[in-house]
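Here the structure comes first, spelled out in structure tokens, and everything after it is commentary.
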Amino acid sequence: MTKEQLKSKIAWGVAIFFACIMLVLTLTPFFFMIMNSFRKQFDMLQQGVFHLPHPWYFDNYINVVKNGFFGYFLRSVIVVGISLALMLIISAFAAYPLSRMNFKLNPLIYATIVAMMSVPMHVTLIPIFKLTTAIGFYDSLKALIGPYVAFALPMSVFILTAFMKTIPKEVEESAEIDGCNRFQNFFKIILPLSKSGLSTLAIYNGVSMWNEFAFANTLLITPAKKTLPLALGQFKGEHSLDIPIILAVLTLSVLPMIILFIVFQDKLVKGMMAGAVKG
Amino acid sequence: MRKEKQYSLKQAKARSTAQAATVFLLPALLLIAIFIVYPVIDTFIISGYKWNGISSDKVFIGLDNWKTLIHDEMFWKSFEHNIIVMVFSILLQIPLGMLLATFLDAGGKKFNLFKVIWFLPYLMSSVAIAFLFTYALATNGGMVSSLATIIHGKKVTVDLLGTAPNALFTVIGVMAWQFTPFYMVYFIAGYGNIDTTIYEAAVIDGATRWQYIKHIAIPLLAPIFKTACIMSLIGSLKYFDMIWNMTQGGPAGSTELMATYMYKLSFQQFSMGYGSTVAAGMFILITAIALLFNKVFKAKEVY
Amino acid sequence: MNKKRVFSAILAAALTVSTFVGCGDSSSSNTPAVNTGAKQTDGKNLPELTTEPMEIVLWDIATDEPAKSTQEGAVQRFMADYPNIKVTQVHQQNDNYKQQLVVAMSSGQAPNIYVHWGGGPMAEYYKSGFANDITDMYAKYDHPDFIDAAVAQSTYDGKMLAIPFGGLSGCDIFYNKTIFEELNLEVPETIDELEEVCDTLKANDITPFALANASKWTGSMYYMYLVARHSGNAEFDAAYTQENGGSFTSDAFIYAGTKIQDWVKKGYFPDGVNSLSADDNQDRALIYDGSAAMMLHGAWQVSGIKADNEEWYNENIGVFRFPEDSEAKAKGVPQDVEIGTAIGMGLSFNCYKEDGSVDQDMLDACYVLATQYYNDDTYNNDQISTGTLPSIKGMEDTIDDPNMRIITDVFFDASNVQLWYDQYLPASVTEVHKNCMTELFGLEKTPEEIGQEQDAAMQKAIAEQ
């Protein structure tokens with residue numbers, strides 16, 4: 001027994017050692033991002049990027065905030081919030097029949113949706129631009145929601161279908177006996193049991209929507225309508241690039257995500273765990 | 001008489017299933033049709049033209065673009081790069097993600113700090129990552145070069161992004177840094193889905209943590225593995241963002257991927273017609289590889 | 001000229017006052033209170049602009065200061081003079097600008113005025129019907145007295161297609177005066193002397209050239225200058241047309257490639273030159289920390305370095321033109337070809353009616369905006385104060401920065417200005433050329449090999465025309 005315990009202790013020791021190495025690998029780039037955002041461009045280029053700022057310079061942040069950062073931020077929150085909510089409910093809607101109903105077209109529809117994962121995003125720029133101008137959504141936040149939701153769908157449906165397949169058939173059947181129809185089934189049983197998959201998808205797509213550049217850049221023109229990933233543009237000229245300011249923007253853009261993750265990671269994990277079918 | 005009634009009941013059930021399925025699927029299908037299927041069809045149509053992307057006269061040239069594509073060295077080189085990226089992405093990101101998830105699952109709540117920090121890279125945008133790594137890997141005072149200099153005691157330059165085979169593998173490494181956290185979370189969710197009573201039962205049977213992972217958890221996670229692999233596979237075959245910001249396909253095309261090649265042709269070199277052919281070719285290849293992967297995996301599952 | 005300037009300055013002042021007065025009186029919007037008729041274009045030979053409401057969409061890449069204020073200012077002054085014309089100015093991001101234009105043009109949503117760098121893409125926009133031919137207007141109406149090289153770069157196939165506004169930019173060698181003094185180095189006049197300077201720097205553990213060749217066009221400048229010094233400007237034209245034996249494998253191109261590889265081997269460039277990026281200012285970083293002494297770069301570095309630290313700039317930075325090839329000079333090859341741009345950027349007009357005919361009213365308005373408000377005195381002064389020299393004759397007298405002075409003199413003394421290859425060549429050849437630059441500096445291919453690759457690309461591009 002003691003030998004076993006020793007063995008286990010050593011194993012944990014090794015594991016924690018590697019875990020710490022991972023920690024360093026993960027944190028180093030963040031460290032440099034934050035550090036260099038507190039310098040002047042000249043200081044950074046002259047002192048090298050890997051030394052502590054000297055002196056600490058806070059004007060970058062003031063400058064960023066003064067240039068409408070909160071507007072950009074707010075618009076991003078709105079677009080991502082709406083798109084994410086829509087995407088989650090629509091993909092759960094779609095995954096439900098694909099995973100749990102027998103109908104003729106099921107394999108074909110599933111295969112088509114999954115095949116759409118292979119579409120490179122940039123080929124859709126021109127058709128979507130045309131469509132957006134045609135329906136008058138051009139240069140408004142509405143324009144982004146369609147593409148954001150649509151592009152997240154194939155992957156999400158694919159994952160959710162896999163998740164919903166793992167929910168035992170009996171759960172639903174017993175509900176059916178209780179007189180639930182398919183819609184009640186979906187909302188009362190399947191959706192709650194899919195929390196785990198949905199949480200994962202929320203993370204996966206939330207992050208990529210938050211950082212999405214190409215659609216936003218193509219479909220929004222007016223500065224007062226642009227989202228956060230476009231805020232960088234203000235500090236990038238043809239020949240000039242104020243790197244520390246850009247790093248300040250990047251730090252400020254990733255910060256809310258980090259806070260969100262720290263605050264909600266407990267809930268998120270619980271959400272993920274909730275997928276477990278107990279007994 | 002009875003039989004007949006049963007039959008029609010079945011029919012009615014099938015019909016109601018079909019109706020319900022339609023209602024559930026409609027929003028997704030509609031959005032996908034408008035925003036993805038239509039552009040894809042458009043892409044295939046444009047691939048039949050010689051067109052600079054802006055002019056009003058397109059010249060229909062039939063399959064000429066496709067003939068060019070088949071003999072286009074640059075395209076196949078990009079494809080090869082994509083395959084390398086794909087293989088190493090799957091080999092790096094998924095096992096590593098699994099390993100981290102296993103560690104966190106075994107450690108429970110007290111390792112929350114690890115989880116939060118390990119997850120950070122995934123939150124960062126590709127633009128930021130590209131920028132930070134070009135600096136961190138720069139030959140002039142970059143992290144790696146500085147480290148090598150310290151170790152060797154004299155000035156050593158490690159050129160990770162500027163020479164041909166290195167650059168591709170460096171990019172693969174950076175991609176792993178960016179995406180491993182996602183797979184980690186994915187596997188954490190997978191672990192969470194395993195009924196805790198299974199673990200308890202295993203412990204009662206005298207299984208060690210390792211035995212439990214090897215014989216019980218991993219087989220139970222197999223479907224999650226499969227979806228993770230397909231995600232990584234497709235993701236790496238159509239990857240664009242970080243590479244575009246970091247190397248633009250360079251040096252000398254050694255990190256050119258299908259997507260960057262397509263982008264350059266379509267939007268920078270005024271050959272939208274041929275660029276669309278590349279995009280369409282890319283779509284066909286990715287779908288084929290994903291299907292193949294799916295088949296191979298399915299066959300294994302049966303066994 | 002001078003008289004005119006004073007006159008228009010007075011007018012502008014008068015206008016400012018009248019605008020100011022007009023502002024307080026917001027109720028009288030139906031009387032033309034804002035505009036008392038005194039426009040800065042009064043008395044000039046220009047087309048009469050419409051009094052009907054009109055909307056013009058303008059795309060530029062002035063996302064950051066100071067370009068933003070300078071260019072917005074021009075548009076504001078125009079709109080104050082012509083209140084019926086609304087100019088919607090959109091600042092696109094430089095990185096994706098070409099893509100944005102392609103998307104908009106292919107969807108029939110192209111802007112009425114847009115900026116570009118001339119060269120191959122300008123020709124492409126014109127051939128696709130997105131750039132008005134303004135040759136006749138330019139001959140008929142007033143315009144700033146642009147330098148010949150600028151007019152040449154705004155012209156394709158004998159047609160004037162753009163109005164310059166970005167200012168000229170030559171490439172010269174910036175150097176660290178302090179390091180040169182410490183090591184008793186003189187500014188080199190010939191390539192041989194340049195090599196001696198490099199050897200001395202090398203011996204003192206200083207990298208001669210700060211080159212960040214991940215950007216590729218940076219290395220291309222060395223290649224182009226060596227070609228130009230060896231055989232003059234005709235070499236570029238010959239390789240471009242591939243006619244009369246013109247080729248990227250000619251003596252001059254092989255000489256340039258060989259020289260560069262020789263320099264690479266001697267360590268004149270930083271280690272890992274292909275992984276350093278000029279977009280991230282990694283070349284400037286080498287100059288700032290003193291590890292490199294020279295940098296061949298565009299004139300905008302003056303304002304860039306000044307913005308980073310003016311004091312340091314004044315103390316340390318000097319500039320000289322790319323040295324001469326004494327052998328070639330003896331043979332009579334002109335040694336004063338300049339690599340750079342005479343226009344910086346140009347404004348092209350896309351004014352067509354739905355039936356495809358020219359929308360002359362709008363084109364007139366665009367012409368007046370581009371020639372009289374961009375390129376007016378206020379605009380030019382703004383440009384000069386931020387280190388950019390307008391491509392207009394006589395402007396060179398206003399320079400006071402000593403380095404800018406040298407750059408300008410070199411530029412104006414040049415017998416020819418050759419546009420950068422990454423803007424000059426057809427877009428498909430540009431990509432090949434850039435890759436060749438990586439391979440050349442990375443010693444992965446010989447000068448012959450890259451010459452052949454560029455020839456093949458050029459021939460293919462010509463065949464496709």
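Labeling convention for the structure tokens: chains A, B, ... as they appear, residues from 1 per chain, ligands from 1 in order of appearance.
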Interface residues on chain B facing chain C, 6 Å, only C-alpha atoms, written as a PyMOL selection string: chain B and resi 53-55+139+159+161-162+251-252+267+269
Next, write the just-selected residues to a file, as a PDB file, in the first residue's frame, keeping N, CA and C atoms as the atom set.
ATOM      1  N   GLY B  53     -12.460  39.162 -61.393  1.00  0.00           N
ATOM      2  CA  GLY B  53     -13.152  39.414 -60.127  1.00  0.00           C
ATOM      3  C   GLY B  53     -13.921  40.720 -60.111  1.00  0.00           C
ATOM      4  N   ILE B  54     -13.568  41.657 -60.983  1.00  0.00           N
ATOM      5  CA  ILE B  54     -14.242  42.954 -60.931  1.00  0.00           C
ATOM      6  C   ILE B  54     -14.869  43.339 -62.268  1.00  0.00           C
ATOM      7  N   SER B  55     -14.290  42.884 -63.355  1.00  0.00           N
ATOM      8  CA  SER B  55     -14.758  43.290 -64.675  1.00  0.00           C
ATOM      9  C   SER B  55     -16.139  42.709 -64.955  1.00  0.00           C
ATOM     10  N   THR B 139      14.496  36.484 -34.924  1.00  0.00           N
ATOM     11  CA  THR B 139      15.912  36.179 -34.756  1.00  0.00           C
ATOM     12  C   THR B 139      16.625  37.281 -33.998  1.00  0.00           C
ATOM     13  N   ASP B 159      16.537  30.416 -36.387  1.00  0.00           N
ATOM     14  CA  ASP B 159      15.612  31.022 -37.333  1.00  0.00           C
ATOM     15  C   ASP B 159      14.427  30.090 -37.570  1.00  0.00           C
ATOM     16  N   LEU B 161      11.155  31.054 -38.308  1.00  0.00           N
ATOM     17  CA  LEU B 161      10.120  31.466 -39.259  1.00  0.00           C
ATOM     18  C   LEU B 161      10.670  31.825 -40.630  1.00  0.00           C
ATOM     19  N   GLY B 162      11.996  31.952 -40.738  1.00  0.00           N
ATOM     20  CA  GLY B 162      12.557  32.474 -41.979  1.00  0.00           C
ATOM     21  C   GLY B 162      13.088  31.433 -42.932  1.00  0.00           C
ATOM     22  N   PRO B 251       8.165  31.729 -45.740  1.00  0.00           N
ATOM     23  CA  PRO B 251       9.076  32.221 -46.777  1.00  0.00           C
ATOM     24  C   PRO B 251       9.006  31.381 -48.047  1.00  0.00           C
ATOM     25  N   ALA B 252       8.951  32.073 -49.169  1.00  0.00           N
ATOM     26  CA  ALA B 252       8.932  31.448 -50.484  1.00  0.00           C
ATOM     27  C   ALA B 252       7.906  30.328 -50.589  1.00  0.00           C
ATOM     28  N   PHE B 267      -8.252  37.728 -54.442  1.00  0.00           N
ATOM     29  CA  PHE B 267      -8.393  39.112 -54.009  1.00  0.00           C
ATOM     30  C   PHE B 267      -7.175  39.986 -54.258  1.00  0.00           C
ATOM     31  N   GLN B 269      -4.550  39.012 -56.866  1.00  0.00           N
ATOM     32  CA  GLN B 269      -3.929  38.856 -58.176  1.00  0.00           C
ATOM     33  C   GLN B 269      -4.932  38.921 -59.317  1.00  0.00           C
TER      34      GLN B 269
END
Residues at most 7 Å from B:Leu63, counting only C-alpha atoms, excluding those fewer than 3 positions away in the same chain, as number ranges by chain? B: 48, 66-67
Using only C-alpha atoms, the shortest atom-to-atom distance to chain A among B:Thr22, B:Ser145, B:Thr157, B:Asn65 belongs to B:Thr22
Determine the nearest neighbour of A:Leu241 from the options A:Phe183, A:Phe42, A:Ala111, A:Leu141, counting only C-alpha atoms.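 Closest candidate: A:Phe42.
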Write down as a ChimeraX atom specification the residues of stretch 174-224 of chain A whose backbone DSSP state falls under alpha helix (DSSP H). /A:174-177,182-185,191-193,195-210,214-219
List the spatial neighbours of A:Val149 as JSON, numbers by chain - criterion: any atom at most 8 Å away, only C-alpha atoms, same-chain residues fewer than 5 positions off excluded. {"A": [83, 84, 86, 87], "B": [31]}
Name all residues at most 12 Å from A:Thr112 (count only C-alpha atoms; drop same-chain ones fewer than 2 positions away) and give them as a VMD selection string. (chain A and resid 98 105 to 110 114 to 119 153 to 155 157 to 158) or (chain B and resid 28 to 29 32 to 33 36 to 37 287 291)
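With only C-alpha atoms taken into account, the protein and nucleic acid residues at most 8 Å from stretch 131-136 of chain C (excluding it and anything under 3 positions from it in its own chain) are C:Tyr125, C:Tyr126, C:Ala139, C:Lys140, C:Lys159, C:Met160, C:Leu161, C:Ala162, C:Ser348, C:Phe349, C:Asn350, C:Cys351, C:Val358.
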Residues from the last selection, N, CA and C atoms, saved as a PDB file, in the first residue's frame:
ATOM      1  N   TYR C 125      -7.907  48.082 -62.794  1.00  0.00           N
ATOM      2  CA  TYR C 125      -9.166  48.789 -62.494  1.00  0.00           C
ATOM      3  C   TYR C 125      -9.669  49.499 -63.741  1.00  0.00           C
ATOM      4  N   TYR C 126      -8.737  50.102 -64.463  1.00  0.00           N
ATOM      5  CA  TYR C 126      -9.129  50.834 -65.665  1.00  0.00           C
ATOM      6  C   TYR C 126      -9.706  49.890 -66.722  1.00  0.00           C
ATOM      7  N   ALA C 139      -6.085  68.160 -69.286  1.00  0.00           N
ATOM      8  CA  ALA C 139      -5.506  69.107 -70.247  1.00  0.00           C
ATOM      9  C   ALA C 139      -6.281  70.417 -70.253  1.00  0.00           C
ATOM     10  N   LYS C 140      -7.582  70.322 -70.015  1.00  0.00           N
ATOM     11  CA  LYS C 140      -8.454  71.478 -70.166  1.00  0.00           C
ATOM     12  C   LYS C 140      -8.506  72.361 -68.914  1.00  0.00           C
ATOM     13  N   LYS C 159      -3.147  57.271 -71.048  1.00  0.00           N
ATOM     14  CA  LYS C 159      -4.323  57.916 -70.477  1.00  0.00           C
ATOM     15  C   LYS C 159      -4.083  58.263 -69.012  1.00  0.00           C
ATOM     16  N   MET C 160      -4.474  59.482 -68.654  1.00  0.00           N
ATOM     17  CA  MET C 160      -4.359  59.915 -67.263  1.00  0.00           C
ATOM     18  C   MET C 160      -5.512  59.285 -66.482  1.00  0.00           C
ATOM     19  N   LEU C 161      -5.184  58.546 -65.442  1.00  0.00           N
ATOM     20  CA  LEU C 161      -6.229  57.808 -64.720  1.00  0.00           C
ATOM     21  C   LEU C 161      -6.348  58.182 -63.252  1.00  0.00           C
ATOM     22  N   ALA C 162      -5.442  59.010 -62.766  1.00  0.00           N
ATOM     23  CA  ALA C 162      -5.476  59.302 -61.332  1.00  0.00           C
ATOM     24  C   ALA C 162      -4.903  60.675 -61.051  1.00  0.00           C
ATOM     25  N   SER C 348      -8.437  57.691 -58.013  1.00  0.00           N
ATOM     26  CA  SER C 348      -9.087  57.427 -59.290  1.00  0.00           C
ATOM     27  C   SER C 348     -10.584  57.569 -59.121  1.00  0.00           C
ATOM     28  N   PHE C 349     -11.258  57.818 -60.232  1.00  0.00           N
ATOM     29  CA  PHE C 349     -12.684  58.112 -60.173  1.00  0.00           C
ATOM     30  C   PHE C 349     -13.481  57.043 -60.885  1.00  0.00           C
ATOM     31  N   ASN C 350     -14.577  56.704 -60.269  1.00  0.00           N
ATOM     32  CA  ASN C 350     -15.449  55.696 -60.840  1.00  0.00           C
ATOM     33  C   ASN C 350     -16.844  56.313 -60.928  1.00  0.00           C
ATOM     34  N   CYS C 351     -17.019  57.191 -61.916  1.00  0.00           N
ATOM     35  CA  CYS C 351     -18.277  57.923 -62.036  1.00  0.00           C
ATOM     36  C   CYS C 351     -18.990  57.514 -63.315  1.00  0.00           C
ATOM     37  N   VAL C 358     -20.528  57.897 -68.884  1.00  0.00           N
ATOM     38  CA  VAL C 358     -19.831  58.663 -67.858  1.00  0.00           C
ATOM     39  C   VAL C 358     -20.765  59.652 -67.178  1.00  0.00           C
TER      40      VAL C 358
END
Skipping near chain neighbours, those fewer than 2 positions away, what residues fall within 7 Å of B:Val127 using only C-alpha atoms, listed as number ranges by chain? B: 125, 129-131, 242, 245
Nearby residues (only C-alpha atoms) at most 12 Å from B:Lys58, same-chain spacing under 2 positions excluded, as a VMD selection string: (chain B and resid 45 to 56 60 to 62 271 to 274) or (chain C and resid 106 128)
Please save N, CA and C atoms of the selected residues as a short mmCIF file (atom, residue, chain, number, x, y, z; two decimals), in the first residue's frame.
data_model
loop_
_atom_site.label_atom_id
_atom_site.label_comp_id
_atom_site.auth_asym_id
_atom_site.auth_seq_id
_atom_site.Cartn_x
_atom_site.Cartn_y
_atom_site.Cartn_z
N ILE B 45 -19.73 27.78 -60.16
CA ILE B 45 -20.05 28.41 -61.45
C ILE B 45 -18.89 29.29 -61.91
N ILE B 46 -18.39 30.12 -60.99
CA ILE B 46 -17.30 31.03 -61.36
C ILE B 46 -16.06 30.25 -61.80
N SER B 47 -15.90 29.05 -61.26
CA SER B 47 -14.71 28.27 -61.62
C SER B 47 -14.70 27.91 -63.10
N GLY B 48 -15.78 28.13 -63.80
CA GLY B 48 -15.82 27.86 -65.24
C GLY B 48 -15.43 29.08 -66.08
N TYR B 49 -15.10 30.19 -65.40
CA TYR B 49 -14.82 31.42 -66.14
C TYR B 49 -13.39 31.90 -65.95
N LYS B 50 -12.94 32.61 -66.94
CA LYS B 50 -11.73 33.41 -66.76
C LYS B 50 -12.22 34.80 -66.38
N TRP B 51 -11.93 35.21 -65.15
CA TRP B 51 -12.52 36.45 -64.65
C TRP B 51 -11.58 37.08 -63.64
N ASN B 52 -11.41 38.38 -63.73
CA ASN B 52 -10.49 39.04 -62.79
C ASN B 52 -11.17 39.43 -61.48
N GLY B 53 -12.46 39.16 -61.39
CA GLY B 53 -13.15 39.41 -60.13
C GLY B 53 -13.92 40.72 -60.11
N ILE B 54 -13.57 41.66 -60.98
CA ILE B 54 -14.24 42.95 -60.93
C ILE B 54 -14.87 43.34 -62.27
N SER B 55 -14.29 42.88 -63.35
CA SER B 55 -14.76 43.29 -64.68
C SER B 55 -16.14 42.71 -64.96
N SER B 56 -16.91 43.40 -65.82
CA SER B 56 -18.23 42.86 -66.12
C SER B 56 -18.17 41.76 -67.17
N PHE B 60 -16.34 32.51 -70.51
CA PHE B 60 -16.55 31.12 -70.14
C PHE B 60 -15.47 30.25 -70.79
N ILE B 61 -14.77 29.48 -69.98
CA ILE B 61 -13.69 28.68 -70.56
C ILE B 61 -13.85 27.20 -70.20
N GLY B 62 -15.05 26.82 -69.78
CA GLY B 62 -15.31 25.41 -69.50
C GLY B 62 -14.44 24.87 -68.38
N SER B 271 -7.35 37.08 -60.20
CA SER B 271 -7.82 35.91 -60.93
C SER B 271 -8.86 35.18 -60.10
N MET B 272 -10.02 35.84 -60.00
CA MET B 272 -11.14 35.30 -59.25
C MET B 272 -11.60 33.97 -59.83
N GLY B 273 -11.59 33.86 -61.15
CA GLY B 273 -12.04 32.62 -61.79
C GLY B 273 -11.22 31.43 -61.30
N TYR B 274 -9.93 31.57 -61.42
CA TYR B 274 -9.07 30.47 -61.01
C TYR B 274 -9.07 30.32 -59.48
N SER C 106 -16.97 43.96 -57.63
CA SER C 106 -17.65 42.82 -58.23
C SER C 106 -19.13 42.83 -57.88
N SER C 128 -11.08 47.15 -66.36
CA SER C 128 -12.36 46.56 -65.96
C SER C 128 -13.47 47.60 -65.88
#
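Remark: for chain A, the closest of the candidate residues B:Val278, B:Ala164, B:Leu69, B:Met86 is B:Val278 (distances computed over only C-alpha atoms).
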